[in-house]
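*Asks:* Here you go, one structure.
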Amino acid sequence: MITFNKSFTQQEPIPDAGIEQAIAVMRSGRLHRYNSAAGEPTETELLEQEFADYQGSRYCLACASGGYALHVAMRAAGLQPGDRVLCNAFTLAPVPGAIHNAGGVPVFVETNDDFTIDLDDLELKAATADARYLLLSHMRGHLVDMERLMAICNRHDILVIEDCAHTMGASWKGKKSGTFGRVACFSTQTYKHMNSGEGGFLTTDDDEIMARAIIHSGSYMLYERHPAAPPREAFEHIRFETPNYSGRMDNLRAAILRPQLAALDEQCRRWNDLYRVTEAGLKQVCGLRLPKRPAAEYFVGSSIQFSLPGQSEATIRHFLACCDARGVPLKWFGDADPKGYTSRFDSWRYLGEPPSLPQTEQVLSTMCDMRLPLTFDEADCRLIVQIIAEVCETLFAPDDTGAQRP
């Protein structure tokens, strides 16, 4: 029986240029985001300008984490305590956590079979939920029809904040993910498309939102030192009324990210090569359903998802155990007991009684999730597919009587 022996959590090393620049920062002792020699831009300032240029956005703030970027985005966009915030029901814990941290109240929107926000339910809740904001997670790298989504939100005067933690480098009809809403947030946590351990970005074209975000991030009134920022006058009306949350990225993390940003498009291409090989193989496996990927979507396939439609909880648990025993650990969003990164809307008890979301419950009940790290190659992906196919053949193929095996 073949097994797979590589780690699904092993990342590629930081590029040599990033290591060298990080060492230079440490030797200088100037790690703090505003600590630089006269006339010399900090690594953080350079990274912000470079990421703004990459996104085609006017402004960028490098942040201590993606969750911090989400929290500050909502506060800078004007969210007040008690405001209701529409949000994907299928998302990860930092998203409702950021809404709660900002004082908002999540209103979860159903999920469809392709793992994106359900636009019919969004239309209904946009009209009835008394919400002024949508925090949209492009969960696991799946982009919904962004033109239709923006039309719904514009019609109901809802401000869109994009959570692009899984779509850095992705686009819809050639328009980059993160450039549709008023604000966008990105993550550079280890398992995202650039790796600084923890970190993130906030981007926007809105002068007031960025001015507030910079003050929130701990500018100590040094806001004029941000190259990817609005002009000085944008700060005049808000600098005395905006609290300091001290969450801008330090120079050490910025130093290791700058070379990764320069290579990001090539990294995205490599991920998609792995994804396409894995996708093509899994599409041939009886008993699995893969999501439809629209032609308008350019995604970054750093993970892949599939469903086991019609299977019972017991069968799915057996499937997962068999795959894991052969070196292919899969995440399952149907488990009522959250494990690892798979917590779901009914796990977040601090929000109160979970809402009724039968469609999302059905989608997540059979959904499996698997990382595709760049430490894998295409042969690895074919071996993983072979293992999954053999497990499915054992569990799901009819026996001699025509009944599915238990």
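Labels for the structure tokens follow display order: chains A, B, ..., residues from 1 in each chain, ligands from 1.
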Give me, as a PyMOL selection string, the residues of region 88-162 of chain A that a backbone DSSP run labels helix (DSSP H, G or I).

*Replies:* chain A and resi 94-101+119-128+139-141+146-155

*Asks:* Pull N, CA and C atoms from the residues just selected and write them as a short mmCIF file (atom, residue, chain, number, x, y, z; two decimals), in the first residue's frame.

*Replies:*
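Wrote result16.cif, looks like this:
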```cif
data_model
loop_
_atom_site.label_atom_id
_atom_site.label_comp_id
_atom_site.auth_asym_id
_atom_site.auth_seq_id
_atom_site.Cartn_x
_atom_site.Cartn_y
_atom_site.Cartn_z
N PRO A 94 -10.74 34.30 12.56
CA PRO A 94 -10.31 35.70 12.68
C PRO A 94 -11.28 36.71 12.09
N VAL A 95 -12.16 36.29 11.19
CA VAL A 95 -13.08 37.23 10.55
C VAL A 95 -14.19 37.66 11.51
N PRO A 96 -14.98 36.74 12.07
CA PRO A 96 -15.94 37.18 13.09
C PRO A 96 -15.24 37.78 14.30
N GLY A 97 -14.02 37.29 14.59
CA GLY A 97 -13.27 37.87 15.69
C GLY A 97 -12.96 39.33 15.46
N ALA A 98 -12.60 39.69 14.23
CA ALA A 98 -12.32 41.09 13.91
C ALA A 98 -13.58 41.94 14.00
N ILE A 99 -14.71 41.39 13.54
CA ILE A 99 -15.98 42.12 13.64
C ILE A 99 -16.30 42.38 15.11
N HIS A 100 -16.16 41.36 15.94
CA HIS A 100 -16.43 41.50 17.37
C HIS A 100 -15.47 42.52 17.99
N ASN A 101 -14.20 42.46 17.62
CA ASN A 101 -13.19 43.37 18.15
C ASN A 101 -13.50 44.82 17.79
N LEU A 119 -25.26 34.70 -3.41
CA LEU A 119 -25.66 36.06 -3.77
C LEU A 119 -27.16 36.29 -3.62
N ASP A 120 -27.97 35.26 -3.74
CA ASP A 120 -29.41 35.42 -3.51
C ASP A 120 -29.67 35.73 -2.03
N ASP A 121 -28.98 35.01 -1.14
CA ASP A 121 -29.15 35.28 0.29
C ASP A 121 -28.55 36.63 0.65
N LEU A 122 -27.46 37.01 -0.01
CA LEU A 122 -26.89 38.33 0.22
C LEU A 122 -27.89 39.42 -0.16
N GLU A 123 -28.54 39.27 -1.30
CA GLU A 123 -29.54 40.25 -1.74
C GLU A 123 -30.65 40.38 -0.70
N LEU A 124 -31.12 39.24 -0.20
CA LEU A 124 -32.19 39.25 0.78
C LEU A 124 -31.75 39.95 2.06
N LYS A 125 -30.58 39.60 2.57
CA LYS A 125 -30.13 40.16 3.84
C LYS A 125 -29.66 41.61 3.70
N ALA A 126 -29.16 41.96 2.53
CA ALA A 126 -28.81 43.36 2.30
C ALA A 126 -30.05 44.25 2.38
N ALA A 127 -31.19 43.68 1.98
CA ALA A 127 -32.44 44.45 1.97
C ALA A 127 -33.13 44.45 3.33
N THR A 128 -32.83 43.45 4.18
CA THR A 128 -33.63 43.29 5.39
C THR A 128 -32.86 43.33 6.71
N MET A 139 -13.10 33.07 0.57
CA MET A 139 -12.66 31.93 1.38
C MET A 139 -12.01 30.85 0.53
N ARG A 140 -10.85 30.40 0.99
CA ARG A 140 -10.07 29.36 0.33
C ARG A 140 -9.79 29.69 -1.15
N GLY A 141 -9.77 31.00 -1.45
CA GLY A 141 -9.38 31.43 -2.80
C GLY A 141 -10.47 31.39 -3.83
N MET A 146 -18.01 39.00 -8.89
CA MET A 146 -17.79 40.26 -8.20
C MET A 146 -18.61 41.41 -8.79
N GLU A 147 -18.93 41.33 -10.05
CA GLU A 147 -19.77 42.39 -10.64
C GLU A 147 -21.18 42.34 -10.05
N ARG A 148 -21.74 41.14 -9.95
CA ARG A 148 -23.08 41.02 -9.37
C ARG A 148 -23.06 41.40 -7.89
N LEU A 149 -22.03 40.95 -7.17
CA LEU A 149 -21.94 41.29 -5.75
C LEU A 149 -21.88 42.79 -5.54
N MET A 150 -21.05 43.48 -6.30
CA MET A 150 -20.92 44.92 -6.12
C MET A 150 -22.22 45.63 -6.51
N ALA A 151 -22.92 45.11 -7.51
CA ALA A 151 -24.21 45.71 -7.89
C ALA A 151 -25.21 45.61 -6.74
N ILE A 152 -25.25 44.44 -6.07
CA ILE A 152 -26.14 44.27 -4.92
C ILE A 152 -25.79 45.27 -3.83
N CYS A 153 -24.49 45.35 -3.50
CA CYS A 153 -24.07 46.22 -2.40
C CYS A 153 -24.26 47.69 -2.73
N ASN A 154 -24.01 48.07 -3.96
CA ASN A 154 -24.24 49.47 -4.36
C ASN A 154 -25.72 49.81 -4.30
N ARG A 155 -26.56 48.86 -4.69
CA ARG A 155 -28.01 49.10 -4.68
C ARG A 155 -28.52 49.33 -3.26
#
```

*Asks:* Give me the residues near region 385-398 of chain A as a ChimeraX atom specification, where near means some atom within 10 Å (using only C-alpha atoms) and where sequence neighbours in that chain fewer than 2 positions away do not count.

*Replies:* /A:1-4,277-288,308,311,315-316,318-324,326-328,379-383,400-406

*Asks:* Restricting it to N, CA and C atoms, dump the selection as a tab-separated table (two decimals), in the first residue's frame.

*Replies:*
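Produced file selection-v4.tsv, reproduced below:
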```tsv
chain	number	residue	atom	x	y	z
A	1	MET	N	0.85	-1.20	0.00
A	1	MET	CA	0.00	0.00	0.00
A	1	MET	C	0.89	1.24	0.00
A	2	ILE	N	0.69	2.10	-0.98
A	2	ILE	CA	1.52	3.30	-1.08
A	2	ILE	C	1.08	4.34	-0.04
A	3	THR	N	2.06	5.10	0.43
A	3	THR	CA	1.79	6.20	1.35
A	3	THR	C	2.52	7.44	0.87
A	4	PHE	N	2.13	8.60	1.40
A	4	PHE	CA	2.76	9.88	1.08
A	4	PHE	C	3.53	10.34	2.30
A	277	VAL	N	-3.05	19.95	-11.84
A	277	VAL	CA	-2.75	18.52	-11.84
A	277	VAL	C	-3.63	17.80	-10.83
A	278	THR	N	-3.75	18.36	-9.63
A	278	THR	CA	-4.56	17.74	-8.58
A	278	THR	C	-6.04	17.76	-8.98
A	279	GLU	N	-6.51	18.89	-9.48
A	279	GLU	CA	-7.91	19.00	-9.89
A	279	GLU	C	-8.25	17.99	-10.98
A	280	ALA	N	-7.38	17.88	-12.00
A	280	ALA	CA	-7.66	16.96	-13.10
A	280	ALA	C	-7.75	15.53	-12.60
A	281	GLY	N	-6.89	15.16	-11.66
A	281	GLY	CA	-6.94	13.81	-11.11
A	281	GLY	C	-8.17	13.57	-10.27
A	282	LEU	N	-8.50	14.52	-9.39
A	282	LEU	CA	-9.65	14.32	-8.50
A	282	LEU	C	-10.96	14.31	-9.26
A	283	LYS	N	-11.03	14.98	-10.40
A	283	LYS	CA	-12.27	14.97	-11.20
A	283	LYS	C	-12.58	13.58	-11.73
A	284	GLN	N	-11.58	12.72	-11.78
A	284	GLN	CA	-11.79	11.37	-12.28
A	284	GLN	C	-12.17	10.38	-11.18
A	285	VAL	N	-12.17	10.86	-9.94
A	285	VAL	CA	-12.42	9.97	-8.80
A	285	VAL	C	-13.91	9.89	-8.53
A	286	CYS	N	-14.44	8.69	-8.55
A	286	CYS	CA	-15.86	8.48	-8.29
A	286	CYS	C	-16.19	8.84	-6.85
A	287	GLY	N	-17.27	9.59	-6.67
A	287	GLY	CA	-17.73	9.94	-5.33
A	287	GLY	C	-17.33	11.32	-4.87
A	288	LEU	N	-16.48	12.02	-5.63
A	288	LEU	CA	-16.06	13.37	-5.26
A	288	LEU	C	-16.73	14.40	-6.15
A	308	LEU	N	-17.95	15.35	-0.63
A	308	LEU	CA	-18.32	13.93	-0.67
A	308	LEU	C	-19.84	13.86	-0.60
A	311	GLN	N	-22.70	11.38	1.42
A	311	GLN	CA	-22.06	10.47	2.38
A	311	GLN	C	-22.42	10.84	3.81
A	315	THR	N	-19.21	7.65	7.39
A	315	THR	CA	-18.43	7.32	6.19
A	315	THR	C	-17.34	8.35	5.95
A	316	ILE	N	-17.67	9.62	6.13
A	316	ILE	CA	-16.67	10.67	5.92
A	316	ILE	C	-15.55	10.55	6.94
A	318	HIS	N	-14.52	7.83	8.34
A	318	HIS	CA	-13.73	6.67	7.91
A	318	HIS	C	-12.83	7.06	6.74
A	319	PHE	N	-13.36	7.78	5.79
A	319	PHE	CA	-12.57	8.27	4.64
A	319	PHE	C	-11.38	9.10	5.11
A	320	LEU	N	-11.63	10.05	6.01
A	320	LEU	CA	-10.56	10.91	6.51
A	320	LEU	C	-9.49	10.09	7.22
A	321	ALA	N	-9.91	9.13	8.04
A	321	ALA	CA	-8.96	8.31	8.78
A	321	ALA	C	-8.09	7.48	7.83
A	322	CYS	N	-8.71	6.95	6.78
A	322	CYS	CA	-7.95	6.14	5.81
A	322	CYS	C	-6.93	6.99	5.06
A	323	CYS	N	-7.33	8.20	4.66
A	323	CYS	CA	-6.40	9.09	3.97
A	323	CYS	C	-5.26	9.50	4.91
A	324	ASP	N	-5.61	9.82	6.14
A	324	ASP	CA	-4.59	10.24	7.10
A	324	ASP	C	-3.59	9.12	7.37
A	326	ARG	N	-2.52	7.07	5.40
A	326	ARG	CA	-1.62	6.93	4.25
A	326	ARG	C	-0.88	8.23	3.95
A	327	GLY	N	-0.87	9.15	4.93
A	327	GLY	CA	-0.05	10.35	4.81
A	327	GLY	C	-0.71	11.53	4.14
A	328	VAL	N	-2.03	11.49	3.97
A	328	VAL	CA	-2.76	12.60	3.33
A	328	VAL	C	-3.78	13.13	4.33
A	379	ALA	N	4.53	15.43	-9.36
A	379	ALA	CA	4.51	13.99	-9.06
A	379	ALA	C	3.91	13.74	-7.68
A	380	ASP	N	4.20	14.62	-6.73
A	380	ASP	CA	3.58	14.50	-5.40
A	380	ASP	C	2.07	14.60	-5.50
A	381	CYS	N	1.60	15.55	-6.31
A	381	CYS	CA	0.15	15.74	-6.45
A	381	CYS	C	-0.50	14.51	-7.07
A	382	ARG	N	0.16	13.90	-8.04
A	382	ARG	CA	-0.40	12.69	-8.65
A	382	ARG	C	-0.46	11.54	-7.64
A	383	LEU	N	0.55	11.45	-6.80
A	383	LEU	CA	0.55	10.40	-5.78
A	383	LEU	C	-0.57	10.63	-4.77
A	400	ASP	N	-20.41	-6.60	-4.56
A	400	ASP	CA	-20.93	-7.54	-5.55
A	400	ASP	C	-22.45	-7.52	-5.64
A	401	THR	N	-23.13	-7.04	-4.61
A	401	THR	CA	-24.60	-7.00	-4.62
A	401	THR	C	-25.11	-5.70	-5.20
A	402	GLY	N	-24.19	-4.75	-5.50
A	402	GLY	CA	-24.60	-3.44	-6.04
A	402	GLY	C	-24.76	-2.39	-4.96
A	403	ALA	N	-24.60	-2.76	-3.69
A	403	ALA	CA	-24.73	-1.79	-2.61
A	403	ALA	C	-23.38	-1.14	-2.32
A	404	GLN	N	-23.42	0.11	-1.90
A	404	GLN	CA	-22.18	0.80	-1.54
A	404	GLN	C	-21.59	0.14	-0.30
A	405	ARG	N	-20.26	-0.04	-0.31
A	405	ARG	CA	-19.60	-0.64	0.84
A	405	ARG	C	-19.74	0.28	2.06
A	406	PRO	N	-19.83	-0.29	3.26
A	406	PRO	CA	-19.98	0.53	4.47
A	406	PRO	C	-18.69	1.26	4.79
```

*Asks:* Which residues are close to His193 (chain A), i.e. within 12 Å by only C-alpha atoms, leaving aside same-chain residues fewer than 2 positions away? Reply as a PDB file with N, CA and C atoms, in the first residue's frame.

*Replies:*
```pdb
ATOM      1  N   GLN A  11       6.758  24.863   4.580  1.00  0.00           N
ATOM      2  CA  GLN A  11       6.835  25.942   3.599  1.00  0.00           C
ATOM      3  C   GLN A  11       8.228  25.982   2.969  1.00  0.00           C
ATOM      4  N   GLU A  12       8.317  26.699   1.861  1.00  0.00           N
ATOM      5  CA  GLU A  12       9.630  26.957   1.275  1.00  0.00           C
ATOM      6  C   GLU A  12      10.418  27.911   2.171  1.00  0.00           C
ATOM      7  N   ARG A 140     -10.854  30.401   0.990  1.00  0.00           N
ATOM      8  CA  ARG A 140     -10.066  29.365   0.329  1.00  0.00           C
ATOM      9  C   ARG A 140      -9.791  29.694  -1.148  1.00  0.00           C
ATOM     10  N   GLY A 141      -9.767  30.995  -1.454  1.00  0.00           N
ATOM     11  CA  GLY A 141      -9.379  31.428  -2.797  1.00  0.00           C
ATOM     12  C   GLY A 141     -10.472  31.389  -3.830  1.00  0.00           C
ATOM     13  N   CYS A 164      -8.940  39.360   1.617  1.00  0.00           N
ATOM     14  CA  CYS A 164      -8.208  38.702   0.534  1.00  0.00           C
ATOM     15  C   CYS A 164      -7.086  37.816   1.067  1.00  0.00           C
ATOM     16  N   ALA A 165      -7.263  37.278   2.266  1.00  0.00           N
ATOM     17  CA  ALA A 165      -6.218  36.442   2.862  1.00  0.00           C
ATOM     18  C   ALA A 165      -5.851  35.275   1.960  1.00  0.00           C
ATOM     19  N   HIS A 166      -6.827  34.772   1.166  1.00  0.00           N
ATOM     20  CA  HIS A 166      -6.586  33.605   0.313  1.00  0.00           C
ATOM     21  C   HIS A 166      -6.553  33.970  -1.173  1.00  0.00           C
ATOM     22  N   THR A 167      -6.609  35.259  -1.503  1.00  0.00           N
ATOM     23  CA  THR A 167      -6.659  35.646  -2.925  1.00  0.00           C
ATOM     24  C   THR A 167      -5.622  36.696  -3.294  1.00  0.00           C
ATOM     25  N   MET A 168      -4.536  36.791  -2.555  1.00  0.00           N
ATOM     26  CA  MET A 168      -3.459  37.674  -2.975  1.00  0.00           C
ATOM     27  C   MET A 168      -2.921  37.175  -4.320  1.00  0.00           C
ATOM     28  N   GLY A 169      -2.972  38.027  -5.336  1.00  0.00           N
ATOM     29  CA  GLY A 169      -2.544  37.643  -6.677  1.00  0.00           C
ATOM     30  C   GLY A 169      -3.664  37.190  -7.584  1.00  0.00           C
ATOM     31  N   ALA A 170      -4.881  37.034  -7.058  1.00  0.00           N
ATOM     32  CA  ALA A 170      -6.025  36.582  -7.854  1.00  0.00           C
ATOM     33  C   ALA A 170      -6.759  37.771  -8.477  1.00  0.00           C
ATOM     34  N   PHE A 186      -5.237  41.837   3.548  1.00  0.00           N
ATOM     35  CA  PHE A 186      -4.459  40.683   3.117  1.00  0.00           C
ATOM     36  C   PHE A 186      -3.697  40.129   4.319  1.00  0.00           C
ATOM     37  N   SER A 187      -3.277  38.875   4.201  1.00  0.00           N
ATOM     38  CA  SER A 187      -2.518  38.232   5.265  1.00  0.00           C
ATOM     39  C   SER A 187      -1.175  37.742   4.730  1.00  0.00           C
ATOM     40  N   THR A 188      -0.148  37.855   5.574  1.00  0.00           N
ATOM     41  CA  THR A 188       1.135  37.244   5.259  1.00  0.00           C
ATOM     42  C   THR A 188       1.518  36.242   6.358  1.00  0.00           C
ATOM     43  N   GLN A 189       0.505  35.643   6.964  1.00  0.00           N
ATOM     44  CA  GLN A 189       0.718  34.558   7.914  1.00  0.00           C
ATOM     45  C   GLN A 189       1.360  33.383   7.170  1.00  0.00           C
ATOM     46  N   THR A 190       2.037  32.516   7.861  1.00  0.00           N
ATOM     47  CA  THR A 190       2.893  31.495   7.251  1.00  0.00           C
ATOM     48  C   THR A 190       2.209  30.706   6.138  1.00  0.00           C
ATOM     49  N   TYR A 191       0.913  30.400   6.258  1.00  0.00           N
ATOM     50  CA  TYR A 191       0.258  29.548   5.277  1.00  0.00           C
ATOM     51  C   TYR A 191      -0.412  30.330   4.148  1.00  0.00           C
ATOM     52  N   ASN A 195       5.035  34.882   3.259  1.00  0.00           N
ATOM     53  CA  ASN A 195       5.236  34.331   4.601  1.00  0.00           C
ATOM     54  C   ASN A 195       6.122  35.240   5.441  1.00  0.00           C
ATOM     55  N   SER A 196       5.517  35.878   6.453  1.00  0.00           N
ATOM     56  CA  SER A 196       6.314  36.593   7.453  1.00  0.00           C
ATOM     57  C   SER A 196       5.999  36.082   8.855  1.00  0.00           C
ATOM     58  N   GLY A 197       5.440  34.894   8.948  1.00  0.00           N
ATOM     59  CA  GLY A 197       4.992  34.354  10.234  1.00  0.00           C
ATOM     60  C   GLY A 197       3.625  34.899  10.578  1.00  0.00           C
ATOM     61  N   GLU A 198       3.555  36.170  10.913  1.00  0.00           N
ATOM     62  CA  GLU A 198       2.315  36.933  11.014  1.00  0.00           C
ATOM     63  C   GLU A 198       2.526  38.243  10.263  1.00  0.00           C
ATOM     64  N   GLY A 199       1.434  38.819   9.797  1.00  0.00           N
ATOM     65  CA  GLY A 199       1.519  40.090   9.089  1.00  0.00           C
ATOM     66  C   GLY A 199       0.351  40.250   8.136  1.00  0.00           C
ATOM     67  N   GLY A 200       0.250  41.418   7.539  1.00  0.00           N
ATOM     68  CA  GLY A 200      -0.827  41.657   6.586  1.00  0.00           C
ATOM     69  C   GLY A 200      -0.739  43.048   5.988  1.00  0.00           C
ATOM     70  N   LEU A 257       9.624  40.121   3.453  1.00  0.00           N
ATOM     71  CA  LEU A 257       8.498  40.082   2.511  1.00  0.00           C
ATOM     72  C   LEU A 257       8.817  40.721   1.169  1.00  0.00           C
ATOM     73  N   GLN A 260       9.757  38.368  -1.541  1.00  0.00           N
ATOM     74  CA  GLN A 260       8.630  37.483  -1.842  1.00  0.00           C
ATOM     75  C   GLN A 260       7.604  38.187  -2.727  1.00  0.00           C
ATOM     76  N   LEU A 261       7.373  39.474  -2.479  1.00  0.00           N
ATOM     77  CA  LEU A 261       6.453  40.226  -3.326  1.00  0.00           C
ATOM     78  C   LEU A 261       6.963  40.282  -4.753  1.00  0.00           C
ATOM     79  N   ALA A 263       8.534  38.097  -6.294  1.00  0.00           N
ATOM     80  CA  ALA A 263       8.366  36.780  -6.931  1.00  0.00           C
ATOM     81  C   ALA A 263       6.933  36.274  -6.877  1.00  0.00           C
ATOM     82  N   LEU A 264       5.979  37.086  -6.410  1.00  0.00           N
ATOM     83  CA  LEU A 264       4.637  36.595  -6.115  1.00  0.00           C
ATOM     84  C   LEU A 264       3.938  36.023  -7.348  1.00  0.00           C
ATOM     85  N   ASP A 265       3.985  36.702  -8.466  1.00  0.00           N
ATOM     86  CA  ASP A 265       3.267  36.208  -9.647  1.00  0.00           C
ATOM     87  C   ASP A 265       3.796  34.851 -10.098  1.00  0.00           C
ATOM     88  N   GLU A 266       5.100  34.668 -10.025  1.00  0.00           N
ATOM     89  CA  GLU A 266       5.676  33.372 -10.374  1.00  0.00           C
ATOM     90  C   GLU A 266       5.245  32.304  -9.380  1.00  0.00           C
ATOM     91  N   GLN A 267       5.178  32.645  -8.092  1.00  0.00           N
ATOM     92  CA  GLN A 267       4.698  31.700  -7.083  1.00  0.00           C
ATOM     93  C   GLN A 267       3.246  31.308  -7.354  1.00  0.00           C
ATOM     94  N   CYS A 268       2.432  32.280  -7.722  1.00  0.00           N
ATOM     95  CA  CYS A 268       1.025  31.986  -8.035  1.00  0.00           C
ATOM     96  C   CYS A 268       0.935  31.021  -9.214  1.00  0.00           C
ATOM     97  N   ARG A 269       1.766  31.222 -10.226  1.00  0.00           N
ATOM     98  CA  ARG A 269       1.766  30.311 -11.375  1.00  0.00           C
ATOM     99  C   ARG A 269       2.124  28.893 -10.939  1.00  0.00           C
ATOM    100  N   ARG A 270       3.105  28.774 -10.062  1.00  0.00           N
ATOM    101  CA  ARG A 270       3.511  27.450  -9.584  1.00  0.00           C
ATOM    102  C   ARG A 270       2.380  26.779  -8.799  1.00  0.00           C
ATOM    103  N   TRP A 271       1.700  27.547  -7.938  1.00  0.00           N
ATOM    104  CA  TRP A 271       0.572  26.978  -7.212  1.00  0.00           C
ATOM    105  C   TRP A 271      -0.500  26.467  -8.175  1.00  0.00           C
ATOM    106  N   PHE A 299      -7.642  32.430 -10.152  1.00  0.00           N
ATOM    107  CA  PHE A 299      -7.461  32.133  -8.736  1.00  0.00           C
ATOM    108  C   PHE A 299      -6.016  31.722  -8.472  1.00  0.00           C
ATOM    109  N   VAL A 300      -5.694  31.595  -7.202  1.00  0.00           N
ATOM    110  CA  VAL A 300      -4.384  31.100  -6.785  1.00  0.00           C
ATOM    111  C   VAL A 300      -4.628  29.815  -6.007  1.00  0.00           C
ATOM    112  N   GLY A 301      -4.233  28.697  -6.581  1.00  0.00           N
ATOM    113  CA  GLY A 301      -4.596  27.385  -6.044  1.00  0.00           C
ATOM    114  C   GLY A 301      -3.658  26.876  -4.971  1.00  0.00           C
ATOM    115  N   SER A 302      -3.525  27.617  -3.888  1.00  0.00           N
ATOM    116  CA  SER A 302      -2.666  27.178  -2.790  1.00  0.00           C
ATOM    117  C   SER A 302      -3.339  26.131  -1.907  1.00  0.00           C
ATOM    118  N   SER A 303      -4.609  25.867  -2.173  1.00  0.00           N
ATOM    119  CA  SER A 303      -5.324  24.773  -1.516  1.00  0.00           C
ATOM    120  C   SER A 303      -6.396  24.296  -2.480  1.00  0.00           C
ATOM    121  N   ARG A 371      -4.256  21.562   1.702  1.00  0.00           N
ATOM    122  CA  ARG A 371      -3.224  22.498   1.275  1.00  0.00           C
ATOM    123  C   ARG A 371      -2.394  21.915   0.140  1.00  0.00           C
ATOM    124  N   LEU A 372      -1.849  22.815  -0.694  1.00  0.00           N
ATOM    125  CA  LEU A 372      -0.917  22.422  -1.746  1.00  0.00           C
ATOM    126  C   LEU A 372       0.342  23.280  -1.613  1.00  0.00           C
ATOM    127  N   PRO A 373       1.214  22.967  -0.663  1.00  0.00           N
ATOM    128  CA  PRO A 373       2.398  23.801  -0.465  1.00  0.00           C
ATOM    129  C   PRO A 373       3.365  23.716  -1.645  1.00  0.00           C
ATOM    130  N   LEU A 374       4.142  24.754  -1.831  1.00  0.00           N
ATOM    131  CA  LEU A 374       5.091  24.791  -2.938  1.00  0.00           C
ATOM    132  C   LEU A 374       6.300  23.898  -2.708  1.00  0.00           C
TER     133      LEU A 374
END
```

*Asks:* Check the smallest atom-to-atom distance from each of A:Gly181, A:His142, A:Met210, A:Arg248 to Phe235 (chain A) using only C-alpha atoms, then report the winner.

*Replies:* A:Met210

*Asks:* Can you tell me, as a PyMOL selection string, which residues in region 150-186 of chain A count as strand (DSSP E or B) by DSSP?

*Replies:* chain A and resi 159-163+171-172+175-176+183-186

*Asks:* Which one is closest to Val107 (chain A): A:Glu236, A:Asp16, A:Asp130, A:Glu208? Count only C-alpha atoms.

*Replies:*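 Among the listed residues, the smallest separation from Val107 (chain A) belongs to A:Asp130.
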
*Asks:* Contacts of region 216-224 of chain A at 7 Å or less, counting only C-alpha atoms, minus same-chain residues fewer than 2 places along, as a ChimeraX atom specification?

*Replies:* /A:72,212-214,226,232,242-248

*Asks:* Could you write out the selected residues, including N, CA and C atoms, as an mmCIF file, in the first residue's frame?

*Replies:*
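To be explicit, this is the file written out as part02.cif:
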```
data_model
loop_
_atom_site.group_PDB
_atom_site.id
_atom_site.type_symbol
_atom_site.label_atom_id
_atom_site.label_comp_id
_atom_site.auth_asym_id
_atom_site.auth_seq_id
_atom_site.Cartn_x
_atom_site.Cartn_y
_atom_site.Cartn_z
ATOM 1 N N VAL A 72 -8.946 47.095 11.888
ATOM 2 C CA VAL A 72 -8.701 48.511 11.608
ATOM 3 C C VAL A 72 -9.478 48.973 10.385
ATOM 4 N N ARG A 212 -7.238 57.439 8.777
ATOM 5 C CA ARG A 212 -7.639 56.852 10.062
ATOM 6 C C ARG A 212 -6.857 55.567 10.347
ATOM 7 N N ALA A 213 -6.681 54.732 9.329
ATOM 8 C CA ALA A 213 -5.971 53.473 9.528
ATOM 9 C C ALA A 213 -4.528 53.714 9.963
ATOM 10 N N ILE A 214 -3.888 54.712 9.390
ATOM 11 C CA ILE A 214 -2.498 55.016 9.755
ATOM 12 C C ILE A 214 -2.409 55.506 11.197
ATOM 13 N N HIS A 226 4.757 58.190 5.694
ATOM 14 C CA HIS A 226 4.186 57.095 4.908
ATOM 15 C C HIS A 226 4.145 57.495 3.439
ATOM 16 N N ARG A 232 -1.115 65.409 3.645
ATOM 17 C CA ARG A 232 -1.133 65.832 5.039
ATOM 18 C C ARG A 232 -2.509 66.329 5.480
ATOM 19 N N THR A 242 -8.683 59.885 16.784
ATOM 20 C CA THR A 242 -8.501 58.499 16.363
ATOM 21 C C THR A 242 -7.521 57.802 17.303
ATOM 22 N N PRO A 243 -7.938 56.721 17.965
ATOM 23 C CA PRO A 243 -7.057 56.057 18.936
ATOM 24 C C PRO A 243 -5.915 55.291 18.269
ATOM 25 N N ASN A 244 -4.846 55.124 19.028
ATOM 26 C CA ASN A 244 -3.663 54.396 18.592
ATOM 27 C C ASN A 244 -3.794 52.941 19.047
ATOM 28 N N TYR A 245 -3.811 52.004 18.064
ATOM 29 C CA TYR A 245 -3.877 50.583 18.387
ATOM 30 C C TYR A 245 -2.535 49.867 18.172
ATOM 31 N N SER A 246 -1.522 50.600 17.732
ATOM 32 C CA SER A 246 -0.153 50.072 17.576
ATOM 33 C C SER A 246 -0.123 48.722 16.868
ATOM 34 N N GLY A 247 -0.358 48.722 15.577
ATOM 35 C CA GLY A 247 -0.367 47.471 14.839
ATOM 36 C C GLY A 247 0.301 47.526 13.485
ATOM 37 N N ARG A 248 1.158 48.546 13.246
ATOM 38 C CA ARG A 248 1.871 48.575 11.970
ATOM 39 C C ARG A 248 3.014 47.557 11.999
#
```

*Asks:* Write out as a PyMOL selection string the residues lying within 8 Å of Ser171 (chain A), counting only C-alpha atoms and excluding same-chain residues fewer than 3 positions away.

*Replies:* chain A and resi 167+174-177+297-299

*Asks:* From the list A:Cys87, A:Ser7, A:Ser28, A:Pro227, which residue is nearest Ile384 (chain A) when using only C-alpha atoms?

*Replies:* A:Ser7

*Asks:* Could you tell me which of A:Ala69, A:Thr42, A:Tyr54, A:Ala131 comes closest to Asp83 (chain A) if we count only C-alpha atoms?

*Replies:*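 The shortest atom-to-atom distance to Asp83 (chain A) comes from A:Ala131.
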
*Asks:* Measuring atom to atom with only C-alpha atoms, identify which of A:Val183, A:Met370, A:Leu252, A:Leu136 is nearest to Met74 (chain A).

*Replies:*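 For Met74 (chain A), the nearest of the candidates is A:Val183.
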
*Asks:* Quote the spacing between CA of Pro329 (chain A) and CA of Arg344 (chain A) in Å to one decimal place.

*Replies:*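 Atom-to-atom, CA of Pro329 (chain A) to CA of Arg344 (chain A), that is 19.0 Å.
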